[in-house]
>>> print(open('my_file.cif').read())   # mmCIF, C-alpha atoms and all ligand atoms
data_start
#
loop_
_atom_site.label_atom_id
_atom_site.label_comp_id
_atom_site.auth_asym_id
_atom_site.auth_seq_id
_atom_site.Cartn_x
_atom_site.Cartn_y
_atom_site.Cartn_z
CA MET A 1 0.69 106.61 -3.63
CA GLU A 2 1.69 108.29 -6.92
CA GLU A 3 3.55 105.14 -8.03
CA LEU A 4 0.60 102.96 -7.15
CA LEU A 5 -1.78 105.16 -9.17
CA GLU A 6 0.60 105.18 -12.18
CA ARG A 7 0.90 101.39 -12.09
CA LEU A 8 -2.85 100.80 -11.76
CA LEU A 9 -3.56 103.30 -14.52
CA GLU A 10 -1.29 101.49 -16.98
CA GLU A 11 -2.73 98.11 -15.94
CA CYS A 12 -6.31 99.30 -16.41
CA ARG A 13 -6.04 101.42 -19.56
CA PRO A 14 -6.44 98.39 -21.90
CA PHE A 15 -9.87 97.64 -20.41
CA ALA A 16 -11.16 100.80 -22.11
CA SER A 17 -11.28 98.86 -25.38
CA GLN A 18 -14.11 96.73 -23.89
CA GLY A 19 -16.34 99.81 -23.68
CA GLN A 20 -17.78 102.51 -25.91
CA VAL A 21 -18.09 106.26 -25.63
CA ALA A 22 -21.71 107.38 -25.11
CA ASN A 23 -23.30 108.22 -28.44
CA TYR A 24 -26.96 108.92 -27.66
CA ILE A 25 -25.99 112.56 -27.19
CA PRO A 26 -24.07 113.35 -30.43
CA GLU A 27 -21.63 115.75 -28.78
CA LEU A 28 -20.53 113.10 -26.25
CA ALA A 29 -19.59 110.72 -29.06
CA LYS A 30 -16.56 112.95 -29.69
CA GLY A 31 -14.93 111.75 -26.42
CA ASP A 32 -11.53 109.99 -26.50
CA PRO A 33 -12.19 106.31 -25.61
CA GLN A 34 -8.57 105.71 -24.54
CA ALA A 35 -8.43 108.53 -22.00
CA LEU A 36 -8.06 107.51 -18.36
CA GLY A 37 -7.26 109.62 -15.32
CA VAL A 38 -7.45 109.33 -11.55
CA TYR A 39 -7.15 111.92 -8.79
CA VAL A 40 -7.24 111.22 -5.05
CA THR A 41 -7.87 113.90 -2.42
CA GLY A 42 -7.39 112.80 1.18
CA SER A 43 -9.67 114.16 3.90
CA GLU A 44 -6.72 116.10 5.30
CA GLY A 45 -6.01 117.59 1.84
CA LYS A 46 -3.17 115.41 0.46
CA HIS A 47 -3.37 115.00 -3.34
CA SER A 48 -2.16 112.26 -5.69
CA TRP A 49 -2.93 111.70 -9.34
CA ALA A 50 -2.08 109.87 -12.56
CA GLY A 51 -3.01 110.01 -16.24
CA ASP A 52 -5.51 112.33 -17.91
CA CYS A 53 -6.74 113.87 -14.70
CA ARG A 54 -6.71 117.51 -15.85
CA ARG A 55 -8.91 116.99 -18.94
CA LEU A 56 -12.33 118.61 -18.77
CA PHE A 57 -15.46 116.53 -19.24
CA THR A 58 -19.17 117.00 -18.51
CA ILE A 59 -20.21 115.48 -15.21
CA GLN A 60 -23.64 114.33 -16.47
CA SER A 61 -25.27 112.21 -13.78
CA ILE A 62 -22.61 113.07 -11.22
CA VAL A 63 -24.55 116.29 -10.76
CA LYS A 64 -27.31 114.20 -9.13
CA PRO A 65 -25.73 114.07 -5.64
CA ILE A 66 -25.13 117.84 -5.92
CA LEU A 67 -28.77 118.39 -6.91
CA LEU A 68 -29.76 116.28 -3.93
CA LEU A 69 -27.58 118.34 -1.58
CA GLN A 70 -29.08 121.58 -2.91
CA ALA A 71 -32.62 120.19 -2.55
CA LEU A 72 -31.84 119.07 1.02
CA LEU A 73 -30.25 122.40 1.94
CA ASP A 74 -33.25 124.32 0.56
CA ASN A 75 -36.07 122.14 1.90
CA GLY A 76 -34.78 119.77 4.60
CA PRO A 77 -34.77 115.95 4.44
CA GLU A 78 -38.42 115.35 5.33
CA PHE A 79 -39.75 117.50 2.50
CA VAL A 80 -37.35 115.95 -0.03
CA LEU A 81 -38.10 112.41 1.10
CA ASN A 82 -41.81 113.02 0.49
CA ARG A 83 -41.15 113.94 -3.13
CA VAL A 84 -38.24 111.71 -4.17
CA GLY A 85 -37.83 108.31 -2.51
CA VAL A 86 -34.68 106.42 -1.60
CA GLU A 87 -35.30 102.86 -2.74
CA ALA A 88 -32.78 101.54 -5.28
CA THR A 89 -34.36 101.15 -8.69
CA GLY A 90 -32.17 98.33 -10.03
CA LYS A 91 -32.92 99.81 -13.47
CA PRO A 92 -31.10 101.91 -16.08
CA PHE A 93 -30.72 105.65 -15.44
CA ASP A 94 -33.42 106.66 -17.92
CA ALA A 95 -35.94 103.97 -16.99
CA ILE A 96 -39.56 104.65 -16.04
CA ASN A 97 -39.40 103.61 -12.42
CA ALA A 98 -42.82 102.01 -12.13
CA GLY A 99 -45.79 100.87 -14.14
CA ASP A 100 -47.71 103.80 -15.60
CA GLN A 101 -50.51 103.45 -13.04
CA SER A 102 -48.33 102.98 -9.95
CA LEU A 103 -45.83 105.81 -10.36
CA ASP A 104 -45.43 107.74 -7.11
CA SER A 105 -42.68 109.53 -5.23
CA GLY A 106 -41.70 106.31 -3.41
CA ASN A 107 -40.43 104.65 -6.55
CA ILE A 108 -38.34 107.46 -7.95
CA ASN A 109 -34.75 107.74 -6.75
CA PRO A 110 -32.53 110.86 -6.73
CA MET A 111 -29.70 109.07 -8.59
CA VAL A 112 -31.70 108.32 -11.74
CA ASN A 113 -33.19 110.76 -14.25
CA MET A 114 -36.77 110.85 -12.97
CA GLY A 115 -35.63 111.77 -9.48
CA ALA A 116 -33.11 114.31 -10.77
CA ILE A 117 -35.77 116.06 -12.86
CA VAL A 118 -38.00 116.38 -9.78
CA MET A 119 -35.05 117.68 -7.73
CA CYS A 120 -34.46 120.50 -10.24
CA SER A 121 -37.96 121.69 -9.38
CA LEU A 122 -37.22 121.59 -5.63
CA ILE A 123 -34.29 124.02 -5.76
CA HIS A 124 -35.26 127.47 -4.48
CA GLY A 125 -35.06 130.55 -6.72
CA ARG A 126 -37.32 133.17 -8.28
CA SER A 127 -36.51 131.88 -11.77
CA TYR A 128 -34.93 128.76 -13.24
CA GLU A 129 -31.95 130.92 -14.15
CA GLU A 130 -31.47 131.71 -10.46
CA ARG A 131 -32.03 128.07 -9.43
CA PHE A 132 -29.34 126.87 -11.84
CA GLN A 133 -26.96 129.61 -10.69
CA ARG A 134 -27.39 128.49 -7.08
CA LEU A 135 -26.67 124.89 -8.08
CA LEU A 136 -23.56 126.03 -9.98
CA ASP A 137 -22.39 128.05 -6.97
CA LEU A 138 -22.73 125.01 -4.70
CA THR A 139 -20.87 122.90 -7.28
CA ARG A 140 -18.00 125.41 -7.34
CA ARG A 141 -17.75 125.48 -3.55
CA LEU A 142 -17.82 121.68 -3.27
CA ALA A 143 -15.23 121.33 -6.04
CA GLY A 144 -12.94 124.06 -4.70
CA ASP A 145 -12.92 125.67 -8.14
CA GLY A 146 -14.67 128.99 -8.75
CA GLU A 147 -14.15 128.77 -12.53
CA ILE A 148 -16.40 125.79 -13.17
CA GLY A 149 -19.00 126.37 -15.91
CA ILE A 150 -20.94 124.42 -18.54
CA ASP A 151 -19.97 122.94 -21.90
CA GLY A 152 -22.38 124.83 -24.18
CA ALA A 153 -22.06 122.39 -27.10
CA VAL A 154 -22.99 119.39 -24.93
CA TYR A 155 -25.88 121.34 -23.38
CA ARG A 156 -27.33 122.23 -26.80
CA SER A 157 -26.77 118.70 -28.11
CA GLU A 158 -28.52 117.16 -25.13
CA LYS A 159 -31.41 119.64 -25.27
CA SER A 160 -32.06 118.86 -28.92
CA HIS A 161 -31.82 115.07 -28.40
CA GLY A 162 -33.74 114.88 -25.12
CA SER A 163 -36.90 113.03 -26.17
CA LYS A 164 -36.54 110.34 -23.50
CA ASN A 165 -36.03 112.89 -20.73
CA ARG A 166 -39.03 114.85 -22.03
CA ALA A 167 -41.09 111.65 -21.90
CA LEU A 168 -39.99 111.05 -18.30
CA ALA A 169 -40.80 114.64 -17.32
CA TYR A 170 -44.28 114.56 -18.89
CA LEU A 171 -44.99 111.29 -17.12
CA LEU A 172 -43.98 112.87 -13.80
CA LYS A 173 -46.17 115.86 -14.60
CA SER A 174 -49.18 113.70 -15.47
CA HIS A 175 -48.86 111.97 -12.09
CA GLY A 176 -48.72 115.27 -10.21
CA LEU A 177 -45.07 114.75 -9.27
CA LEU A 178 -43.78 117.83 -11.11
CA GLU A 179 -45.35 121.22 -10.48
CA ASP A 180 -43.50 123.50 -12.89
CA GLY A 181 -43.35 123.58 -16.68
CA VAL A 182 -41.59 120.62 -18.30
CA GLU A 183 -39.34 122.70 -20.58
CA GLU A 184 -38.07 125.07 -17.89
CA VAL A 185 -37.32 122.20 -15.49
CA LEU A 186 -35.59 120.19 -18.22
CA ASP A 187 -33.53 123.18 -19.32
CA CYS A 188 -32.16 123.34 -15.78
CA TYR A 189 -31.53 119.55 -15.82
CA PHE A 190 -29.70 119.67 -19.18
CA ARG A 191 -27.55 122.56 -18.03
CA ALA A 192 -26.78 120.73 -14.79
CA CYS A 193 -25.65 117.64 -16.74
CA SER A 194 -23.39 119.84 -18.91
CA ILE A 195 -21.36 121.23 -16.02
CA GLN A 196 -17.75 120.45 -16.84
CA MET A 197 -14.77 119.82 -14.60
CA ASP A 198 -11.68 117.62 -14.25
CA CYS A 199 -10.86 114.64 -11.99
CA ARG A 200 -9.31 116.93 -9.43
CA ALA A 201 -12.55 118.86 -8.92
CA LEU A 202 -14.49 115.59 -8.80
CA ALA A 203 -12.14 114.17 -6.14
CA HIS A 204 -12.59 117.35 -4.11
CA ILE A 205 -16.39 116.95 -4.10
CA GLY A 206 -15.90 113.31 -3.03
CA ALA A 207 -13.60 114.44 -0.23
CA VAL A 208 -16.26 116.84 1.13
CA LEU A 209 -18.80 113.99 1.16
CA ALA A 210 -16.15 111.77 2.84
CA ASN A 211 -15.49 114.54 5.37
CA ARG A 212 -19.16 114.78 6.38
CA GLY A 213 -19.69 118.18 4.79
CA ARG A 214 -16.44 119.96 5.57
CA LEU A 215 -13.87 121.13 3.00
CA PRO A 216 -10.49 119.40 3.25
CA VAL A 217 -7.72 121.61 4.77
CA SER A 218 -9.84 124.64 5.77
CA ASN A 219 -12.50 122.48 7.44
CA GLU A 220 -15.13 125.02 6.40
CA ARG A 221 -18.59 123.45 6.64
CA ILE A 222 -20.57 123.38 3.37
CA PHE A 223 -23.51 121.27 4.54
CA PRO A 224 -24.63 119.66 7.84
CA ALA A 225 -23.02 116.29 8.64
CA PRO A 226 -26.27 114.21 8.55
CA MET A 227 -26.71 115.17 4.87
CA SER A 228 -23.55 113.26 3.95
CA ARG A 229 -25.08 110.13 5.48
CA TYR A 230 -28.24 110.72 3.42
CA VAL A 231 -26.36 111.26 0.15
CA ASN A 232 -23.68 108.56 0.65
CA ALA A 233 -26.28 105.90 1.52
CA ILE A 234 -28.14 106.56 -1.73
CA LEU A 235 -24.87 106.60 -3.70
CA MET A 236 -24.07 103.18 -2.26
CA THR A 237 -27.41 101.65 -3.23
CA CYS A 238 -28.15 103.41 -6.54
CA GLY A 239 -25.16 105.57 -7.60
CA MET A 240 -24.10 103.14 -10.33
CA TYR A 241 -27.73 102.46 -11.40
CA ASP A 242 -28.37 98.77 -12.15
CA GLY A 243 -24.64 98.15 -11.66
CA SER A 244 -24.72 99.24 -8.00
CA GLY A 245 -24.81 95.73 -6.50
CA GLU A 246 -21.81 94.51 -8.46
CA PHE A 247 -19.95 97.74 -7.72
CA ALA A 248 -20.63 97.27 -3.99
CA LEU A 249 -19.10 93.82 -4.27
CA ARG A 250 -16.08 94.79 -6.35
CA VAL A 251 -15.25 98.23 -4.92
CA GLY A 252 -17.39 98.70 -1.81
CA VAL A 253 -17.67 102.47 -1.48
CA PRO A 254 -20.40 105.04 -2.32
CA ALA A 255 -19.90 106.36 -5.86
CA LYS A 256 -21.63 108.11 -8.74
CA SER A 257 -21.01 107.66 -12.44
CA GLY A 258 -21.90 109.83 -15.43
CA VAL A 259 -22.09 109.09 -19.15
CA GLY A 260 -19.33 111.65 -19.77
CA GLY A 261 -16.99 108.98 -18.32
CA GLY A 262 -16.59 110.38 -14.82
CA ILE A 263 -16.90 108.51 -11.54
CA MET A 264 -16.83 110.23 -8.16
CA ALA A 265 -16.07 107.85 -5.29
CA VAL A 266 -16.42 108.62 -1.58
CA VAL A 267 -14.39 106.71 0.99
CA PRO A 268 -16.02 107.88 4.23
CA THR A 269 -13.59 109.70 6.56
CA ARG A 270 -10.64 108.88 4.28
CA MET A 271 -10.74 110.33 0.74
CA GLY A 272 -12.55 111.40 -2.39
CA ILE A 273 -11.59 109.89 -5.76
CA GLY A 274 -12.20 111.40 -9.21
CA ILE A 275 -11.99 109.16 -12.28
CA PHE A 276 -12.27 109.99 -15.98
CA GLY A 277 -12.57 107.20 -18.57
CA PRO A 278 -15.18 107.80 -21.29
CA ALA A 279 -15.39 104.22 -22.62
CA LEU A 280 -18.58 102.93 -20.94
CA ASP A 281 -20.12 99.53 -20.27
CA GLY A 282 -23.71 98.74 -21.28
CA LYS A 283 -25.02 100.36 -18.08
CA GLY A 284 -23.31 103.70 -18.75
CA ASN A 285 -20.43 103.26 -16.28
CA SER A 286 -16.72 103.72 -17.14
CA VAL A 287 -15.23 100.25 -17.78
CA ALA A 288 -11.58 101.07 -17.12
CA GLY A 289 -12.64 103.43 -14.33
CA ILE A 290 -14.42 100.68 -12.40
CA LYS A 291 -11.44 98.34 -12.90
CA LEU A 292 -9.11 101.00 -11.56
CA LEU A 293 -11.32 101.62 -8.52
CA GLU A 294 -11.58 97.88 -7.89
CA ARG A 295 -7.80 97.47 -7.84
CA LEU A 296 -7.26 100.64 -5.79
CA SER A 297 -9.85 99.44 -3.28
CA GLY A 298 -8.04 96.08 -3.03
CA GLU A 299 -4.61 97.69 -2.52
CA LEU A 300 -5.74 100.27 0.06
CA PHE A 301 -8.53 98.24 1.76
CA LEU A 302 -11.13 100.86 0.88
CA SER A 303 -14.28 98.70 0.96
CA ILE A 304 -16.54 99.72 3.82
CA PHE A 305 -17.81 96.13 4.15
N1 LIG A 401 -27.53 113.75 -19.28
C1 LIG A 401 -27.71 112.33 -19.21
C2 LIG A 401 -29.17 111.97 -19.48
O1 LIG A 401 -30.02 112.59 -18.93
C3 LIG A 401 -27.25 111.85 -17.88
C4 LIG A 401 -27.28 110.38 -17.76
C5 LIG A 401 -26.07 109.78 -17.14
O2 LIG A 401 -25.02 110.37 -16.97
N2 LIG A 401 -26.18 108.51 -16.85
O3 LIG A 401 -29.47 111.12 -20.23
#
>>> encode(input="my_file.cif", output="structure tokens")
Amino acid sequence: MEELLERLLEECRPFASQGQVANYIPELAKGDPQALGVYVTGSEGKHSWAGDCRRLFTIQSIVKPILLLQALLDNGPEFVLNRVGVEATGKPFDAINAGDQSLDSGNINPMVNMGAIVMCSLIHGRSYEERFQRLLDLTRRLAGDGEIGIDGAVYRSEKSHGSKNRALAYLLKSHGLLEDGVEEVLDCYFRACSIQMDCRALAHIGAVLANRGRLPVSNERIFPAPMSRYVNAILMTCGMYDGSGEFALRVGVPAKSGVGGGIMAVVPTRMGIGIFGPALDGKGNSVAGIKLLERLSGELFLSIF
């Protein structure tokens, strides 16, 4: 497995030059476009890796499945489904998911920004500080790494360049889809996006989703099995935004990307995969990362279709 990952990594690294590091958040523009790493954690706990898999990066949108898990754990599926729908948007991550007059919970999805902003408001806690802390605790347990924290520079950069997210939040508020104050909800969202980890931690989270809620090795249950079906189904249909259809064709497993260059892939019952490659395509997905996953899927017959 190690040899296979090394070979695929070297084959795919050149594709990074076809993409660009995200620059709409100034701090992200400092990322190294040539970096590429992959980490695989099997459901039974076996690890393999290659490349820049121990570098830290912000998970950005990959926090969305974690937000969804926390919202589901706190409120149950029925409550969440009534506030954030499940239909794929087929649109960019920061799109307004409906015409101004027809915006309702049915056309916002948990894997794009509008849905994620609503989910921040669904997490339980007496204050937003406590809500974020609970999300961070869940992230640490899923990742098997109690040291995980946020990148303060990215958080501040995103907060001071967040006009589009503010626009989305005010629109939600004006349609009665967001109960709390825009700034406190967004502060939680920006902090959530700035959580940083490496490919190993990302692969571990993927392995828990692949394992239907149990940690690899110890088998400790983190969330009820039906929740993995809920989250993985939405990852499959909207985890790569408006690139989800092509990704289903080329790779064929549930996955979530982030503009920090990460991709978390879930191969149900088999493994979690963590990728880091900050050069992105026009949809905000890692170019070399998708190539690597495509080839790995071909070699190991990972597609669920
Ligand atoms: N923090 C980013 C934003 O809200 C997350 C987007 C992403 O990773 N696609 O714009």
>>> closest_residue(input="my_file.cif", among="A:Glu27, A:Glu294, A:Asp74, A:Glu147", to="ligand LIG 401 (chain A)", atoms="all atoms listed in the file")
A:Glu27
>>> atom_distance(input="my_file.cif", atom1="CA of Ser218 (chain A)", atom2="CA of Gly144 (chain A)")
10.9 Å
>>> residues_near_ligand(input="my_file.cif", ligand="ligand LIG 401 (chain A)", cutoff="8 Å", atoms="all atoms listed in the file", output="ChimeraX atom specification")
/A:25,59-62,93-94,112-113,158,162,164-165,189-190,193-194,257-260,284-285
>>> residues_around(input="my_file.cif", residues="region 236-240 of chain A", least_positions_apart="4", cutoff="9 Å", atoms="all atoms listed in the file", output="ChimeraX atom specification")
/A:62,65,86-90,93,109-112,231-232,244-245,247-248,252-258,283-285
>>> residues_around(input="my_file.cif", residues="Arg250 (chain A)", least_positions_apart="3", cutoff="12 Å", atoms="all atoms listed in the file", output="PyMOL selection string")
chain A and resi 243-247+253-254+290-298+301-305
>>> write_last_selection(input="my_file.cif", atoms="C-alpha atoms", output="compact mmCIF listing (two decimals), in the coordinates of the input")
# COMPACT_ATOMS: atom_id res chain seq x y z
CA GLY A 243 -24.64 98.15 -11.66
CA SER A 244 -24.72 99.24 -8.00
CA GLY A 245 -24.81 95.73 -6.50
CA GLU A 246 -21.81 94.51 -8.46
CA PHE A 247 -19.95 97.74 -7.72
CA VAL A 253 -17.67 102.47 -1.48
CA PRO A 254 -20.40 105.04 -2.32
CA ILE A 290 -14.42 100.68 -12.40
CA LYS A 291 -11.44 98.34 -12.90
CA LEU A 292 -9.11 101.00 -11.56
CA LEU A 293 -11.32 101.62 -8.52
CA GLU A 294 -11.58 97.88 -7.89
CA ARG A 295 -7.80 97.47 -7.84
CA LEU A 296 -7.26 100.64 -5.79
CA SER A 297 -9.85 99.44 -3.28
CA GLY A 298 -8.04 96.08 -3.03
CA PHE A 301 -8.53 98.24 1.76
CA LEU A 302 -11.13 100.86 0.88
CA SER A 303 -14.28 98.70 0.96
CA ILE A 304 -16.54 99.72 3.82
CA PHE A 305 -17.81 96.13 4.15
>>> atom_distance(input="my_file.cif", atom1="CA of Met271 (chain A)", atom2="CA of Arg214 (chain A)")
12.2 Å
>>> atom_distance(input="my_file.cif", atom1="CA of Ala288 (chain A)", atom2="CA of Leu36 (chain A)")
7.4 Å
>>> closest_atom_pairs(input="my_file.cif", of="region 16-112 of chain A", to="region 202-211 of chain A", cutoff="6 Å", atoms="all atoms listed in the file", output="tab-separated table")
residue	atom	partner	partner_atom	distance
A:Val40	CA	A:Ala203	CA	5.8
A:Thr41	CA	A:Ala203	CA	5.7
A:Ser43	CA	A:Ala207	CA	5.7
>>> residues_around(input="my_file.cif", residues="region 220-222 of chain A", least_positions_apart="3", cutoff="8 Å", atoms="only C-alpha atoms", output="JSON, numbers by chain")
{"A": [141, 142, 213, 214, 215, 216]}
>>> closest_atom_pairs(input="my_file.cif", of="region 176-283 of chain A", to="region 116-136 of chain A", cutoff="12 Å", atoms="all atoms listed in the file", output="tab-separated table")
residue	atom	partner	partner_atom	distance
A:Gly176	CA	A:Val118	CA	10.8
A:Leu177	CA	A:Val118	CA	7.3
A:Leu178	CA	A:Val118	CA	6.1
A:Glu179	CA	A:Ser121	CA	7.5
A:Asp180	CA	A:Ser121	CA	6.8
A:Gly181	CA	A:Ser121	CA	9.3
A:Val182	CA	A:Ile117	CA	9.2
A:Glu183	CA	A:Tyr128	CA	10.5
A:Glu184	CA	A:Tyr128	CA	6.7
A:Val185	CA	A:Ser121	CA	6.2
A:Leu186	CA	A:Ile117	CA	6.8
A:Asp187	CA	A:Tyr128	CA	8.4
A:Cys188	CA	A:Phe132	CA	6.0
A:Tyr189	CA	A:Ile117	CA	6.2
A:Phe190	CA	A:Ile117	CA	9.5
A:Arg191	CA	A:Phe132	CA	7.8
A:Ala192	CA	A:Phe132	CA	7.3
A:Cys193	CA	A:Ala116	CA	10.1
A:Ser194	CA	A:Leu136	CA	10.9
A:Ile195	CA	A:Leu136	CA	8.0
A:Gln196	CA	A:Leu136	CA	10.6
A:Met197	CA	A:Leu136	CA	11.7
>>> residues_near_point(input="my_file.cif", point="(-17.5, 102.1, -25.1)", cutoff="8 Å", atoms="all atoms listed in the file", output="ChimeraX atom specification")
/A:16-22,33,278-281,287
>>> closest_residue(input="my_file.cif", among="A:Gly76, A:Leu8, A:Gly45, A:Gly37", to="Asn219 (chain A)", atoms="all atoms listed in the file")
A:Gly45
>>> axis_aligned_box(input="my_file.cif", around="region 95-109 of chain A", padding_each_side="4 Å", output="lines of an AutoDock Vina configuration file")
center_x = -42.6
center_y = 105.2
center_z = -10.2
size_x = 23.8
size_y = 16.7
size_z = 21.6
>>> decode(input="my_file.cif", residues="region 204-225 of chain A", atoms="N, CA and C atoms", output="CSV table (one decimal), in the first residue's frame")
chain,number,residue,atom,x,y,z
A,204,HIS,N,-8.7,9.8,9.8
A,204,HIS,CA,-9.3,9.2,11.0
A,204,HIS,C,-10.8,9.5,11.0
A,205,ILE,N,-11.1,10.8,10.8
A,205,ILE,CA,-12.6,11.2,10.8
A,205,ILE,C,-13.3,10.4,9.7
A,206,GLY,N,-12.7,10.3,8.5
A,206,GLY,CA,-13.3,9.5,7.4
A,206,GLY,C,-13.5,8.0,7.8
A,207,ALA,N,-12.5,7.5,8.6
A,207,ALA,CA,-12.6,6.1,9.0
A,207,ALA,C,-13.8,5.9,9.9
A,208,VAL,N,-14.1,6.9,10.8
A,208,VAL,CA,-15.2,6.8,11.7
A,208,VAL,C,-16.5,6.8,10.9
A,209,LEU,N,-16.6,7.7,9.9
A,209,LEU,CA,-17.8,7.7,9.1
A,209,LEU,C,-17.9,6.4,8.3
A,210,ALA,N,-16.8,5.8,7.8
A,210,ALA,CA,-16.8,4.5,7.1
A,210,ALA,C,-17.2,3.4,8.0
A,211,ASN,N,-16.9,3.5,9.3
A,211,ASN,CA,-17.1,2.5,10.3
A,211,ASN,C,-18.5,2.7,11.0
A,212,ARG,N,-19.3,3.5,10.4
A,212,ARG,CA,-20.7,3.7,10.9
A,212,ARG,C,-20.7,4.2,12.4
A,213,GLY,N,-19.8,5.1,12.6
A,213,GLY,CA,-19.8,5.8,13.9
A,213,GLY,C,-18.9,5.3,15.0
A,214,ARG,N,-18.1,4.2,14.7
A,214,ARG,CA,-17.2,3.7,15.7
A,214,ARG,C,-15.8,4.1,15.4
A,215,LEU,N,-15.0,4.3,16.4
A,215,LEU,CA,-13.5,4.6,16.2
A,215,LEU,C,-12.9,3.3,15.7
A,216,PRO,N,-11.9,3.5,14.8
A,216,PRO,CA,-11.1,2.3,14.4
A,216,PRO,C,-10.3,1.8,15.6
A,217,VAL,N,-10.0,0.5,15.7
A,217,VAL,CA,-9.2,-0.1,16.8
A,217,VAL,C,-10.1,-0.3,18.0
A,218,SER,N,-10.4,0.8,18.8
A,218,SER,CA,-11.1,0.6,20.0
A,218,SER,C,-12.6,0.3,19.8
A,219,ASN,N,-13.1,0.6,18.7
A,219,ASN,CA,-14.5,0.4,18.4
A,219,ASN,C,-15.5,1.2,19.2
A,220,GLU,N,-14.9,2.2,20.0
A,220,GLU,CA,-15.8,3.0,20.8
A,220,GLU,C,-16.8,3.8,19.9
A,221,ARG,N,-18.0,3.8,20.3
A,221,ARG,CA,-19.1,4.5,19.4
A,221,ARG,C,-19.1,6.0,19.7
A,222,ILE,N,-19.0,6.8,18.6
A,222,ILE,CA,-19.0,8.3,18.8
A,222,ILE,C,-20.4,8.8,18.4
A,223,PHE,N,-21.1,8.2,17.4
A,223,PHE,CA,-22.4,8.6,17.1
A,223,PHE,C,-23.2,7.3,16.6
A,224,PRO,N,-24.5,7.4,16.6
A,224,PRO,CA,-25.3,6.2,16.2
A,224,PRO,C,-25.1,5.9,14.7
A,225,ALA,N,-25.1,4.6,14.4
A,225,ALA,CA,-24.9,4.2,13.0
A,225,ALA,C,-25.8,4.9,12.0
